[in-house]
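Listing of upload24.cif, mmCIF, N, CA and C atoms
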data_data
#
loop_
_atom_site.label_atom_id
_atom_site.label_comp_id
_atom_site.auth_asym_id
_atom_site.auth_seq_id
_atom_site.Cartn_x
_atom_site.Cartn_y
_atom_site.Cartn_z
N MET A 1 59.31 8.89 -21.76
CA MET A 1 60.10 10.05 -21.41
C MET A 1 60.81 9.80 -20.08
N ASN A 2 61.90 10.49 -19.91
CA ASN A 2 62.65 10.38 -18.67
C ASN A 2 62.04 11.26 -17.60
N GLN A 3 62.27 10.89 -16.35
CA GLN A 3 61.78 11.71 -15.25
C GLN A 3 62.59 13.00 -15.16
N ILE A 4 61.94 14.02 -14.68
CA ILE A 4 62.58 15.32 -14.55
C ILE A 4 63.06 15.47 -13.11
N ASN A 5 64.29 15.91 -12.95
CA ASN A 5 64.87 16.15 -11.64
C ASN A 5 64.38 17.51 -11.13
N LYS A 6 64.07 17.59 -9.82
CA LYS A 6 63.53 18.83 -9.25
C LYS A 6 64.53 19.98 -9.38
N GLU A 7 65.77 19.71 -9.08
CA GLU A 7 66.79 20.76 -9.16
C GLU A 7 67.09 21.16 -10.60
N GLU A 8 66.93 20.21 -11.50
CA GLU A 8 67.15 20.49 -12.92
C GLU A 8 66.15 21.53 -13.42
N MET A 9 64.90 21.39 -13.01
CA MET A 9 63.86 22.35 -13.41
C MET A 9 64.19 23.74 -12.89
N PHE A 10 64.55 23.82 -11.62
CA PHE A 10 64.86 25.12 -11.03
C PHE A 10 66.10 25.73 -11.68
N GLY A 11 67.11 24.91 -11.92
CA GLY A 11 68.34 25.40 -12.56
C GLY A 11 68.08 25.93 -13.96
N ASN A 12 67.25 25.22 -14.72
CA ASN A 12 66.92 25.68 -16.08
C ASN A 12 66.13 26.98 -16.05
N LEU A 13 65.18 27.09 -15.13
CA LEU A 13 64.41 28.32 -15.00
C LEU A 13 65.31 29.48 -14.58
N LYS A 14 66.20 29.22 -13.65
CA LYS A 14 67.13 30.25 -13.16
C LYS A 14 68.02 30.75 -14.30
N SER A 15 68.56 29.83 -15.11
CA SER A 15 69.43 30.24 -16.22
C SER A 15 68.62 30.96 -17.31
N PHE A 16 67.37 30.55 -17.53
CA PHE A 16 66.51 31.24 -18.50
C PHE A 16 66.26 32.68 -18.06
N LEU A 17 65.91 32.84 -16.78
CA LEU A 17 65.66 34.19 -16.28
C LEU A 17 66.92 35.05 -16.32
N LYS A 18 68.06 34.43 -16.06
CA LYS A 18 69.34 35.16 -16.12
C LYS A 18 69.62 35.63 -17.54
N SER A 19 69.29 34.79 -18.55
CA SER A 19 69.51 35.19 -19.95
C SER A 19 68.59 36.35 -20.35
N LYS A 20 67.48 36.50 -19.64
CA LYS A 20 66.55 37.60 -19.91
C LYS A 20 66.87 38.84 -19.07
N GLY A 21 67.92 38.75 -18.24
CA GLY A 21 68.33 39.90 -17.44
C GLY A 21 67.80 39.90 -16.03
N ILE A 22 67.21 38.80 -15.58
CA ILE A 22 66.69 38.72 -14.21
C ILE A 22 67.52 37.69 -13.45
N GLU A 23 68.17 38.14 -12.39
CA GLU A 23 69.00 37.22 -11.60
C GLU A 23 68.25 36.85 -10.33
N VAL A 24 68.10 35.54 -10.11
CA VAL A 24 67.40 35.04 -8.93
C VAL A 24 68.44 34.80 -7.85
N GLN A 25 68.33 35.56 -6.76
CA GLN A 25 69.26 35.39 -5.64
C GLN A 25 68.58 34.59 -4.55
N GLU A 26 69.40 33.90 -3.75
CA GLU A 26 68.85 33.08 -2.67
C GLU A 26 68.10 33.96 -1.69
N GLY A 27 66.94 33.46 -1.29
CA GLY A 27 66.08 34.18 -0.34
C GLY A 27 64.70 33.57 -0.36
N SER A 28 63.76 34.28 0.24
CA SER A 28 62.41 33.73 0.34
C SER A 28 61.76 33.64 -1.04
N TYR A 29 62.06 34.59 -1.91
CA TYR A 29 61.50 34.57 -3.26
C TYR A 29 62.01 33.36 -4.04
N ALA A 30 63.30 33.08 -3.94
CA ALA A 30 63.91 31.94 -4.63
C ALA A 30 63.38 30.63 -4.07
N GLN A 31 63.11 30.59 -2.74
CA GLN A 31 62.57 29.38 -2.14
C GLN A 31 61.17 29.07 -2.69
N ARG A 32 60.36 30.10 -2.85
CA ARG A 32 59.01 29.91 -3.40
C ARG A 32 59.08 29.43 -4.86
N ILE A 33 60.00 29.98 -5.62
CA ILE A 33 60.17 29.53 -7.01
C ILE A 33 60.62 28.06 -7.03
N ARG A 34 61.53 27.72 -6.11
CA ARG A 34 62.01 26.33 -6.02
C ARG A 34 60.85 25.40 -5.64
N GLN A 35 60.00 25.79 -4.71
CA GLN A 35 58.86 24.96 -4.32
C GLN A 35 57.88 24.79 -5.49
N GLY A 36 57.67 25.87 -6.24
CA GLY A 36 56.81 25.79 -7.41
C GLY A 36 57.37 24.83 -8.46
N CYS A 37 58.70 24.89 -8.65
CA CYS A 37 59.36 23.97 -9.60
C CYS A 37 59.25 22.53 -9.13
N GLU A 38 59.35 22.30 -7.81
CA GLU A 38 59.22 20.94 -7.28
C GLU A 38 57.80 20.41 -7.50
N LEU A 39 56.80 21.24 -7.25
CA LEU A 39 55.41 20.82 -7.48
C LEU A 39 55.17 20.51 -8.96
N LEU A 40 55.67 21.38 -9.81
CA LEU A 40 55.51 21.16 -11.26
C LEU A 40 56.22 19.88 -11.70
N THR A 41 57.42 19.65 -11.19
CA THR A 41 58.19 18.45 -11.53
C THR A 41 57.46 17.19 -11.06
N ASP A 42 56.95 17.22 -9.81
CA ASP A 42 56.20 16.07 -9.30
C ASP A 42 54.96 15.79 -10.15
N SER A 43 54.25 16.85 -10.51
CA SER A 43 53.04 16.69 -11.32
C SER A 43 53.37 16.08 -12.68
N ILE A 44 54.42 16.55 -13.30
CA ILE A 44 54.82 16.04 -14.62
C ILE A 44 55.22 14.57 -14.53
N ASN A 45 56.03 14.24 -13.52
CA ASN A 45 56.49 12.85 -13.37
C ASN A 45 55.33 11.89 -13.10
N VAL A 46 54.39 12.29 -12.23
CA VAL A 46 53.24 11.44 -11.93
C VAL A 46 52.37 11.29 -13.18
N SER A 47 52.18 12.37 -13.90
CA SER A 47 51.38 12.31 -15.14
C SER A 47 52.01 11.37 -16.15
N GLN A 48 53.33 11.42 -16.28
CA GLN A 48 54.02 10.52 -17.22
C GLN A 48 53.81 9.07 -16.83
N ARG A 49 53.94 8.76 -15.54
CA ARG A 49 53.74 7.37 -15.09
C ARG A 49 52.30 6.93 -15.33
N THR A 50 51.35 7.82 -15.05
CA THR A 50 49.93 7.49 -15.24
C THR A 50 49.62 7.25 -16.71
N LEU A 51 50.14 8.11 -17.57
CA LEU A 51 49.91 7.94 -19.01
C LEU A 51 50.54 6.65 -19.53
N LYS A 52 51.71 6.33 -19.02
CA LYS A 52 52.37 5.08 -19.44
C LYS A 52 51.54 3.87 -19.02
N HIS A 53 51.01 3.91 -17.79
CA HIS A 53 50.17 2.81 -17.30
C HIS A 53 48.88 2.72 -18.11
N ALA A 54 48.25 3.87 -18.38
CA ALA A 54 47.01 3.89 -19.14
C ALA A 54 47.24 3.38 -20.56
N LYS A 55 48.37 3.73 -21.15
CA LYS A 55 48.69 3.27 -22.51
C LYS A 55 48.83 1.76 -22.54
N SER A 56 49.53 1.20 -21.56
CA SER A 56 49.70 -0.26 -21.56
C SER A 56 48.36 -0.96 -21.34
N ALA A 57 47.50 -0.41 -20.47
CA ALA A 57 46.18 -1.00 -20.25
C ALA A 57 45.34 -0.90 -21.52
N MET A 58 45.44 0.22 -22.20
CA MET A 58 44.68 0.41 -23.45
C MET A 58 45.17 -0.55 -24.53
N ASP A 59 46.48 -0.74 -24.62
CA ASP A 59 47.03 -1.68 -25.60
C ASP A 59 46.54 -3.11 -25.34
N LYS A 60 46.51 -3.50 -24.06
CA LYS A 60 46.01 -4.84 -23.72
C LYS A 60 44.55 -4.99 -24.13
N GLY A 61 43.76 -3.96 -23.85
CA GLY A 61 42.34 -4.00 -24.23
C GLY A 61 42.16 -4.08 -25.73
N LEU A 62 42.96 -3.30 -26.47
CA LEU A 62 42.88 -3.35 -27.93
C LEU A 62 43.29 -4.71 -28.48
N ASP A 63 44.31 -5.31 -27.89
CA ASP A 63 44.72 -6.65 -28.33
C ASP A 63 43.60 -7.67 -28.11
N LYS A 64 42.93 -7.58 -26.97
CA LYS A 64 41.82 -8.50 -26.70
C LYS A 64 40.69 -8.26 -27.70
N LEU A 65 40.41 -6.98 -27.99
CA LEU A 65 39.36 -6.64 -28.95
C LEU A 65 39.70 -7.15 -30.34
N ARG A 66 40.94 -6.96 -30.76
CA ARG A 66 41.38 -7.46 -32.07
C ARG A 66 41.24 -8.97 -32.16
N GLN A 67 41.62 -9.65 -31.08
CA GLN A 67 41.54 -11.12 -31.06
C GLN A 67 40.09 -11.56 -31.16
N THR A 68 39.20 -10.89 -30.44
CA THR A 68 37.78 -11.23 -30.49
C THR A 68 37.21 -11.01 -31.89
N ILE A 69 37.56 -9.88 -32.49
CA ILE A 69 37.09 -9.60 -33.86
C ILE A 69 37.63 -10.63 -34.82
N HIS A 70 38.90 -11.00 -34.66
CA HIS A 70 39.50 -12.00 -35.54
C HIS A 70 38.78 -13.34 -35.41
N GLU A 71 38.49 -13.73 -34.19
CA GLU A 71 37.82 -15.02 -33.98
C GLU A 71 36.40 -15.00 -34.56
N GLN A 72 35.72 -13.89 -34.45
CA GLN A 72 34.34 -13.80 -34.93
C GLN A 72 34.26 -13.69 -36.45
N THR A 73 35.26 -13.10 -37.08
CA THR A 73 35.20 -12.88 -38.53
C THR A 73 36.03 -13.87 -39.33
N ALA A 74 36.76 -14.74 -38.67
CA ALA A 74 37.58 -15.72 -39.39
C ALA A 74 36.67 -16.69 -40.13
N PRO A 75 37.07 -17.13 -41.34
CA PRO A 75 36.24 -18.09 -42.08
C PRO A 75 36.18 -19.41 -41.32
N LYS A 76 35.02 -19.99 -41.34
CA LYS A 76 34.83 -21.26 -40.63
C LYS A 76 35.34 -22.41 -41.49
N CYS A 77 36.00 -23.33 -40.89
CA CYS A 77 36.53 -24.52 -41.57
C CYS A 77 35.38 -25.48 -41.82
N PRO A 78 35.20 -26.00 -43.05
CA PRO A 78 34.09 -26.92 -43.32
C PRO A 78 34.18 -28.19 -42.48
N ALA A 79 35.37 -28.69 -42.18
CA ALA A 79 35.51 -29.90 -41.38
C ALA A 79 35.02 -29.66 -39.97
N ALA A 80 35.19 -28.46 -39.48
CA ALA A 80 34.75 -28.14 -38.13
C ALA A 80 33.23 -28.09 -38.05
N GLU A 81 32.57 -27.73 -39.13
CA GLU A 81 31.11 -27.65 -39.14
C GLU A 81 30.47 -29.01 -39.37
N GLY A 82 31.23 -29.99 -39.79
CA GLY A 82 30.70 -31.32 -40.03
C GLY A 82 30.20 -31.52 -41.45
N ALA A 83 30.37 -30.57 -42.33
CA ALA A 83 29.91 -30.69 -43.72
C ALA A 83 30.90 -31.54 -44.50
N PRO A 84 30.41 -32.48 -45.31
CA PRO A 84 31.33 -33.30 -46.09
C PRO A 84 31.99 -32.46 -47.18
N GLN A 85 33.25 -32.74 -47.41
CA GLN A 85 33.97 -32.02 -48.45
C GLN A 85 33.76 -32.74 -49.78
N LYS A 86 33.63 -31.97 -50.85
CA LYS A 86 33.46 -32.55 -52.18
C LYS A 86 34.83 -32.92 -52.72
N LYS A 87 34.90 -34.11 -53.33
CA LYS A 87 36.15 -34.54 -53.92
C LYS A 87 36.21 -34.08 -55.37
N ARG A 88 37.35 -33.64 -55.77
CA ARG A 88 37.54 -33.24 -57.17
C ARG A 88 37.94 -34.46 -57.98
N PRO A 89 37.56 -34.49 -59.25
CA PRO A 89 38.01 -35.60 -60.10
C PRO A 89 39.51 -35.52 -60.31
N VAL A 90 40.13 -36.68 -60.48
CA VAL A 90 41.57 -36.75 -60.64
C VAL A 90 42.00 -36.04 -61.91
N ASN A 91 41.33 -36.30 -63.02
CA ASN A 91 41.62 -35.58 -64.26
C ASN A 91 40.34 -35.47 -65.08
N ALA A 92 40.39 -34.71 -66.12
CA ALA A 92 39.19 -34.39 -66.88
C ALA A 92 38.63 -35.60 -67.63
N THR A 93 39.47 -36.54 -68.09
CA THR A 93 38.96 -37.66 -68.87
C THR A 93 38.17 -38.61 -67.99
N ARG A 94 38.56 -38.80 -66.78
CA ARG A 94 37.79 -39.65 -65.87
C ARG A 94 36.46 -38.99 -65.56
N ALA A 95 36.48 -37.70 -65.42
CA ALA A 95 35.23 -37.00 -65.14
C ALA A 95 34.27 -37.12 -66.32
N ALA A 96 34.83 -37.24 -67.52
CA ALA A 96 33.99 -37.37 -68.71
C ALA A 96 33.43 -38.78 -68.84
N GLY A 97 33.86 -39.73 -68.02
CA GLY A 97 33.29 -41.07 -68.04
C GLY A 97 34.19 -42.10 -68.72
N GLN A 98 35.37 -41.76 -69.10
CA GLN A 98 36.26 -42.69 -69.77
C GLN A 98 36.92 -43.56 -68.70
N SER A 99 37.04 -44.84 -68.94
CA SER A 99 37.62 -45.75 -67.96
C SER A 99 39.14 -45.61 -67.96
N SER A 100 39.75 -46.14 -66.91
CA SER A 100 41.21 -46.04 -66.80
C SER A 100 41.89 -46.86 -67.90
N THR A 101 41.28 -47.99 -68.37
CA THR A 101 41.85 -48.79 -69.46
C THR A 101 41.84 -47.99 -70.74
N ALA A 102 40.76 -47.29 -70.99
CA ALA A 102 40.66 -46.48 -72.20
C ALA A 102 41.66 -45.32 -72.15
N GLN A 103 41.88 -44.82 -70.97
CA GLN A 103 42.84 -43.73 -70.84
C GLN A 103 44.25 -44.21 -71.17
N ARG A 104 44.60 -45.40 -70.67
CA ARG A 104 45.94 -45.94 -70.95
C ARG A 104 46.13 -46.18 -72.43
N LYS A 105 45.11 -46.71 -73.08
CA LYS A 105 45.22 -46.97 -74.52
C LYS A 105 45.37 -45.69 -75.30
N SER A 106 44.59 -44.68 -74.93
CA SER A 106 44.69 -43.43 -75.67
C SER A 106 46.04 -42.76 -75.39
N GLY A 107 46.56 -42.90 -74.18
CA GLY A 107 47.87 -42.32 -73.84
C GLY A 107 49.00 -43.01 -74.58
N GLN A 108 48.90 -44.35 -74.74
CA GLN A 108 49.95 -45.09 -75.45
C GLN A 108 49.93 -44.75 -76.92
N ALA A 109 48.75 -44.59 -77.47
CA ALA A 109 48.66 -44.26 -78.89
C ALA A 109 49.28 -42.89 -79.13
N GLY A 110 49.08 -42.02 -78.24
CA GLY A 110 49.64 -40.67 -78.39
C GLY A 110 51.16 -40.68 -78.32
N ARG A 111 51.69 -41.56 -77.48
CA ARG A 111 53.14 -41.64 -77.36
C ARG A 111 53.77 -42.22 -78.61
N ARG A 112 53.12 -43.23 -79.17
CA ARG A 112 53.65 -43.85 -80.40
C ARG A 112 53.65 -42.86 -81.53
N ALA A 113 52.62 -42.08 -81.60
CA ALA A 113 52.51 -41.13 -82.71
C ALA A 113 53.62 -40.09 -82.61
N ARG A 114 53.97 -39.72 -81.42
CA ARG A 114 55.02 -38.72 -81.24
C ARG A 114 56.40 -39.26 -81.58
N LYS A 115 56.63 -40.53 -81.26
CA LYS A 115 57.95 -41.10 -81.49
C LYS A 115 58.20 -41.33 -82.98
N GLY A 116 57.19 -41.68 -83.64
CA GLY A 116 57.34 -42.13 -85.01
C GLY A 116 57.35 -41.08 -86.00
#
What does this structure look like when you write it as structure tokens?
Amino acid sequence: MNQINKEEMFGNLKSFLKSKGIEVQEGSYAQRIRQGCELLTDSINVSQRTLKHAKSAMDKGLDKLRQTIHEQTAPKCPAAEGAPQKKRPVNATRAAGQSSTAQRKSGQAGRRARKG
């Protein structure tokens, strides 16, 4: 939010009262109203700055908390733990125990059958 000007507050209050039928004329009464508006304006502006600072500090704390939670709950990499990784078989026929020579022969026979 933008800061509020002291005179702006008093001017708005003065015009509001005028619209209600009360005219504020210069004098001791108007000076007291002006002082009250200045105090109110200062309080609002300081509160806005404090809330903005508190929000940024809270956001930083939340970011640190999120990062900590992420680090603690992230899945562990098996390589980082030192556990050996299991290798997958290249294809199903090798896993079944068929040699690479037998695979080539069976693959060639299949190709001939398709062409012919």
Between A:Asn2, A:Ser28, A:Thr73, A:Ser15, smallest distance to A:Arg49 by only C-alpha atoms belongs to A:Asn2
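Coordinates place atom N of A:Phe10 at a distance of 14.3 Å from atom N of A:Gly27.
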Excluding stretch 29-45 of chain A and residues on its chain fewer than 4 positions from it, collect all residues at most 9 Å away from it, counting only C-alpha atoms, and give them as a CSV table (one decimal) with N, CA and C atoms, in the frame of the given file.
chain,number,residue,atom,x,y,z
A,2,ASN,N,61.9,10.5,-19.9
A,2,ASN,CA,62.6,10.4,-18.7
A,2,ASN,C,62.0,11.3,-17.6
A,3,GLN,N,62.3,10.9,-16.4
A,3,GLN,CA,61.8,11.7,-15.2
A,3,GLN,C,62.6,13.0,-15.2
A,4,ILE,N,61.9,14.0,-14.7
A,4,ILE,CA,62.6,15.3,-14.6
A,4,ILE,C,63.1,15.5,-13.1
A,5,ASN,N,64.3,15.9,-13.0
A,5,ASN,CA,64.9,16.2,-11.6
A,5,ASN,C,64.4,17.5,-11.1
A,6,LYS,N,64.1,17.6,-9.8
A,6,LYS,CA,63.5,18.8,-9.2
A,6,LYS,C,64.5,20.0,-9.4
A,7,GLU,N,65.8,19.7,-9.1
A,7,GLU,CA,66.8,20.8,-9.2
A,7,GLU,C,67.1,21.2,-10.6
A,9,MET,N,64.9,21.4,-13.0
A,9,MET,CA,63.9,22.4,-13.4
A,9,MET,C,64.2,23.7,-12.9
A,10,PHE,N,64.6,23.8,-11.6
A,10,PHE,CA,64.9,25.1,-11.0
A,10,PHE,C,66.1,25.7,-11.7
A,13,LEU,N,65.2,27.1,-15.1
A,13,LEU,CA,64.4,28.3,-15.0
A,13,LEU,C,65.3,29.5,-14.6
A,24,VAL,N,68.1,35.5,-10.1
A,24,VAL,CA,67.4,35.0,-8.9
A,24,VAL,C,68.4,34.8,-7.8
A,25,GLN,N,68.3,35.6,-6.8
A,25,GLN,CA,69.3,35.4,-5.6
A,25,GLN,C,68.6,34.6,-4.6
A,49,ARG,N,53.9,8.8,-15.5
A,49,ARG,CA,53.7,7.4,-15.1
A,49,ARG,C,52.3,6.9,-15.3
A,50,THR,N,51.4,7.8,-15.0
A,50,THR,CA,49.9,7.5,-15.2
A,50,THR,C,49.6,7.2,-16.7
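Interatomic distance, atom CA of A:Phe16 against atom CA of A:Ser47: 24.5 Å.
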Just to confirm, what's the straight-line distance from atom C of A:Met1 to atom N of A:His53 in Å (one decimal)?
11.7 Å
